[in-house]
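Q: Take this structure, written in C-alpha cells, and hold onto it; I'll ask about it next.
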Amino acid sequence: MSSTAKPLLKAIEASPDGPEICAIFDFDGTIISGYSAIAFIREQLRRGDLSVRDFLELASAMTNFGLGNLGFSGMMAITTQFMRGIDEQAYIELGEDLFTKQIARLVYPESRALIEAHLAKGHTVGIISSATPYQVEPAARDLGIENVLCTQLEVEDGVFTGSVVRPTCFGQGKVDAAEVLAESVGANLDDGFFYSDSTDDQLLLEHVGNPVALNPSDKLRAVARDNNWPIASFGSRGRPTLGQFVRSIAATVSLVPSFAAGLPIYALTGSRREATNFSIGLFAETASALINLDLRVNGEENLWKQRPAVFIFNHQSKADVVIGAKLLRRDMAGVGKQEIKKMPVIGKVLEMGGVVMIDRKNAASAIEAMQPLVDAMRNEGKSVALAPEGTRTVSPNLAPFKKGAFHLAIQAGVPIVPVVIRNAGDVAPKGDFVFRPATVEVDVLPPVDTSDWSAETIEEHIREVRNMFLKTLGQPEEKVPAAKTAKKPASKAKAATKTKAKTKGKAVAKKKAPAKAAAKPKATAKAKAKAKSTTTAKRRPAAKARPKTVAKARPKARPKSASS
C-alpha cells in the first residue's frame with residue numbers, strides 16, 4: 001500500500017462507525033486513473049456510432065469545455081446528440097464489456113483500499129460523478145458501492161433521445177446530489193468525506209467536513225494546500241515510467257536465461273529435475289528483484305507439510321507466475337493455456353519446465369492432457385500448481401472455481417493446498433504489460449485432505465475450499481444451496497406439536513388482526529413513496545445488481561434533477 005494512503009486510512013479508522021457518515025468519491029481521476037469517457041469514445045468510433053465528423057465536433061466541444069468557453073451541460077448536450085436512436089440496453093452491455101476489458105485495470109488499488117475501509121466502518125459510501133451510469137455502475141458494483149448518483153441521459157421506450165437530463169451532476173449539481181444522499185440516511189455532510197481530483201468539485205469539497213484531494217490536478221493541489229486539506233497521489237496506475245517498462249521486459253525475458261543457466265547442471269548431473277529446480281529458483285529471485293516485488297507470506301510452513309500436493313491459487317495477475325515460483329521453488333509441474341505454447345522461446349521453455357498446455361474451450365481434451373500431471377504426482381512425487389478460476393480476474397473478487405484441480409487431486413490421491421494471494425493485481429492487473437513495485441500478501445492455508453473425496457461429492461468440496469479463500473479474502477462466503485440444507489421430515493410426534501403450534505399461532509394472529517390493519521396505511525404510504533422515487537434501477541436489466549439505497553438516495557430523481 002502506498003505510504004501516501006496510510007494517513008487517509010488512519011483518518012477513516014478514527015472516524016465514527018455507522019451509515020450516518022457519508023464517504024463520497026468522484027470517479028474519473030479519483031477512483032480510476034484517467035477518464036472512462038475515452039474508452040467509450042474509442043469504442044463508439046470502432047462501432048461506427050460516431051463518424052469522423054461527429055468525433056471532430058465532439059472533440060471541439062470537449063476542448064471548449066476544458067478552456068472554459070463552454071459549460072458542462074452545454075458540452076453534454078452536444079456529445080449526447082450522437083447517441084440519438086441507439087438502444088440503451090446496448091450501452092448497458094457496452095459499459096460492462098469496457099469495464100472488464102479496459103476500465104477495471106485503471107482502478108487505483110489505494111482508492112479501492114479507502115473504499116473498503118469506509119465500508120468496514122459501516123459508512124454510506126457513494127460515487128457522485130458527472131459521468132454517465134454506463135461508465136460508472138459496473139465499477140461501482142465491483143467495488144461494492146451501492147449509491148451511484150451521476151449525469152443521466154434521456155431515454156424513451158428504451159432508446160436514447162439524444163438529450164441529457166438537466167440539471168447535470170456537475171458543480172452545484174454534485175452538492176445537491178450529496179445532500180440527497182445524506183438526507184436519505186440521516187447524515188450530516190459536516191461529518192462526511194469527499195474525495196476528488198479536480199477543482200470542478202471545489203463546491204462539494206468545501207461543503208463536507210473531510211475534503212480530500214486525491215490524485216489532484218495542479219490547480220486542486222494549490223487549493224488544497226491553501227485550505228490545509230489532505231493530499232494524496234498514487235503512482236500505481238497510469239502511464240508507467242521508462243524504468244518500469246524496461247524492468248518489466250527484463251523480468252519477462254529472464255525466464256529464458258534462467259532455464260539456460262540450468263543446462264550445465266543437467267549436463268553434469270544428468271538430472272533434468274535438479275536442473276529445472278535450479279532454474280525455477282533462479283527465475284523467481286531474478287524476476288522478483290527486477291519487479292521490486294516484496295512478498296509477505298503467512299503460513300509458509302504449509303508449503304512443505306505435505307508433498308506432492310495440488311497447490312491452487314486465485315489468479316489476478318501475470319505476476320502470479322513469479323509469485324508461484326518464489327513460493328513453491330522445486331519439484332513442480334504446472335498448467336497453462338494453449339495460447340502460451342505459441343509464444344516464441346518462452347512457450348518452449350515452459351513446456352520443458354513441465355507446464356502442460358491445455359485447451360480451455362475443450363473440456364474432454366483438457367482432462368486428457370492433464371493425465372501426465374497425475375502420473376508426475378504419483379510416480380515422480382512432483383506437485384502441481386494451477387488456478388481453479390481458469391483465467392485472471394479483473395479485480396480481487398473471487399470468480400467461480402472449475403473442477404479440474406479437484407479431479408486432479410482425487411485421481412492422484414494428494415491433498416489440496418490453498419494459496420490465497422491478496423493483491424497481485426497491484427503489481428500487474430489483467431491487461432497490463434508493465435509490472436509495478438508492490439508488496440503482495442499471501443496466506444498459505446493448511447493442506448486439505450482429499451482421501452475421502454469422490455466425483456459424486458466434488459461440488460460440495462469445491463464450495464468448501466472456495467469458501468476458505470473467500471473467508472481469508474474477507475469476501476462473502478457461498479451458501480449451501482437450499483435443496484441440500486432441507487431438513488428431513490419431522491417425526492409424527494414433532495409433526496403433531498408443529499400442527500398444534502400452527503393452530504395456536506393462527507388464533508394469536510386473529511387476535512392481532514386489528515393491529516395489522518392499523519399498520520396498513522403506513523405500508524401504503526411507504527409503497528407510494530417507493531413508487532414515486534424514480535431511479536435508473538427501475539429501468540435497467542441490471543436492476544438486481546443495482547443498489548436499493550440508490551432509490552432512497554434519489555427522491556428528487558429525474559426528470560427534475562439529473563444529478564440524482
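Residues in the C-alpha cells are named by chain (A, B, ... in the order shown) and by number from 1 within that chain; ligands are numbered from 1 in the order shown.
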If we count only C-alpha atoms and set the cut-off at 7 Å, which residues sit around range 194-198 of chain A, ignoring sequence neighbours fewer than 2 positions away in its own chain? Please answer as a list in words.
A: Ala23, Ile24, Phe25, Asp26, Gly29, Thr30, Gly192, Asp200, Asp201, Leu205, Val208, Asn210, Pro211, Val212, Ala213, Leu214, Asn215, Pro216, Ser217 and Leu220 of chain A
Q: Using only C-alpha atoms, please write the residues we just selected to a file, as a PDB file, in the first residue's frame.
A:
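Saved to out.pdb:
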ATOM      1  CA  ALA A  23     -17.982   8.794   2.191  1.00  0.00           C
ATOM      2  CA  ILE A  24     -18.353  10.165  -1.328  1.00  0.00           C
ATOM      3  CA  PHE A  25     -15.957   9.572  -4.202  1.00  0.00           C
ATOM      4  CA  ASP A  26     -15.581  11.246  -7.566  1.00  0.00           C
ATOM      5  CA  GLY A  29      -9.148  10.536 -11.956  1.00  0.00           C
ATOM      6  CA  THR A  30     -10.069   9.693  -8.365  1.00  0.00           C
ATOM      7  CA  GLY A 192     -18.739  13.401   5.697  1.00  0.00           C
ATOM      8  CA  ASP A 200     -14.500  21.208 -10.815  1.00  0.00           C
ATOM      9  CA  ASP A 201     -15.597  19.659  -7.496  1.00  0.00           C
ATOM     10  CA  LEU A 205     -15.075  19.748  -1.312  1.00  0.00           C
ATOM     11  CA  VAL A 208     -18.104  18.485   3.517  1.00  0.00           C
ATOM     12  CA  ASN A 210     -13.474  15.992   5.464  1.00  0.00           C
ATOM     13  CA  PRO A 211     -12.391  17.023   1.957  1.00  0.00           C
ATOM     14  CA  VAL A 212      -9.511  15.064   0.387  1.00  0.00           C
ATOM     15  CA  ALA A 213      -7.552  15.969  -2.747  1.00  0.00           C
ATOM     16  CA  LEU A 214      -6.909  12.549  -4.298  1.00  0.00           C
ATOM     17  CA  ASN A 215      -4.547  12.385  -7.300  1.00  0.00           C
ATOM     18  CA  PRO A 216      -5.149  16.121  -7.638  1.00  0.00           C
ATOM     19  CA  SER A 217      -4.547  18.357 -10.624  1.00  0.00           C
ATOM     20  CA  LEU A 220      -6.554  21.468  -6.900  1.00  0.00           C
TER      21      LEU A 220
END
Q: If we count only C-alpha atoms, what is near range 112-122 of chain A at a cut-off of 7 Å, once residues fewer than 3 positions away on the same chain are taken out, given as a PyMOL selection string?
A: chain A and resi 9+12+17-19+23+108-109+125+143
Q: Taking into account only C-alpha atoms, which residue in the set A:Leu50, A:Ala61, A:Val159, A:Ala333 is nearest to Pro308 in chain A?
A: A:Ala333
Q: Can you pull out every residue within 8 Å of range 250-252 of chain A, counting only C-alpha atoms, but drop anything in the same chain fewer than 6 positions away, and send it as a PyMOL selection string?
A: chain A and resi 286-288+290-291
Q: For the selection just defined, write its residues with C-alpha atoms to a file, as a PDB file, in the first residue's frame.
A:
ATOM      1  CA  THR A 286      15.721 -12.602 -10.677  1.00  0.00           C
ATOM      2  CA  ALA A 287      12.194 -11.644 -11.744  1.00  0.00           C
ATOM      3  CA  SER A 288      11.022 -10.580  -8.268  1.00  0.00           C
ATOM      4  CA  LEU A 290      13.565  -6.750 -11.264  1.00  0.00           C
ATOM      5  CA  ILE A 291       9.885  -6.135 -10.484  1.00  0.00           C
TER       6      ILE A 291
END
Q: Applying 9 Å and only C-alpha atoms, which residues near Thr79 in chain A remain after dropping the ones on its own chain fewer than 5 positions away? List them as an MDAnalysis selection string.
A: chainID A and resid 54 57:59 61:62 74 162
Q: Which of range 68-198 of chain A end up as alpha helix (DSSP H) when DSSP is run on this backbone - answer as a ChimeraX atom specification?
A: /A:72-80,88-98,109-120,133-143,172-185
Q: Quick check, in Å to one decimal: how far apart do CA of Gly431 in chain A and CA of Thr393 in chain A lie?
A: 10.2 Å
Q: Just checking: using only C-alpha atoms, which residue out of A:Phe311, A:Phe234, A:Phe401, A:Phe278 ends up closest to Val414 in chain A?
A: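 Ranking A:Phe311, A:Phe234, A:Phe401, A:Phe278 by distance to Val414 in chain A, first place goes to A:Phe311.
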Q: Counting only C-alpha atoms, what is within 9 Å of Asn397 in chain A, bar same-chain residues fewer than 3 positions away, as an MDAnalysis selection string?
A: chainID A and resid 142:143 393:394 470 473 475
Q: Can you write just those residues out, N, CA and C atoms, as a CSV table (one decimal), in the first residue's frame?
A:
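The new file selection35.csv reads:
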chain,number,residue,atom,x,y,z
A,142,ASP,N,-18.5,-3.7,-8.8
A,142,ASP,CA,-17.3,-4.4,-8.5
A,142,ASP,C,-16.6,-4.0,-7.1
A,143,LEU,N,-16.8,-2.7,-6.8
A,143,LEU,CA,-16.2,-2.1,-5.6
A,143,LEU,C,-17.1,-2.3,-4.4
A,393,THR,N,-8.7,-12.8,-13.1
A,393,THR,CA,-9.9,-11.9,-12.8
A,393,THR,C,-9.5,-10.5,-13.0
A,394,VAL,N,-10.5,-9.6,-13.2
A,394,VAL,CA,-10.2,-8.2,-13.4
A,394,VAL,C,-10.2,-7.4,-12.1
A,470,LEU,N,-12.6,-17.3,0.2
A,470,LEU,CA,-13.5,-16.1,0.5
A,470,LEU,C,-13.3,-15.6,1.9
A,473,LEU,N,-10.1,-13.8,2.2
A,473,LEU,CA,-10.1,-12.6,1.5
A,473,LEU,C,-11.0,-11.5,2.1
A,475,GLN,N,-14.3,-11.8,1.8
A,475,GLN,CA,-15.5,-11.7,0.9
A,475,GLN,C,-16.6,-12.6,1.3
Q: Considering only C-alpha atoms, can you say which of A:Gln202, A:Thr472, A:Ser73, A:Gln411 comes closest to Asp452 in chain A?
A: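 Answer, going by the shortest atom-to-atom distance: A:Gln411.
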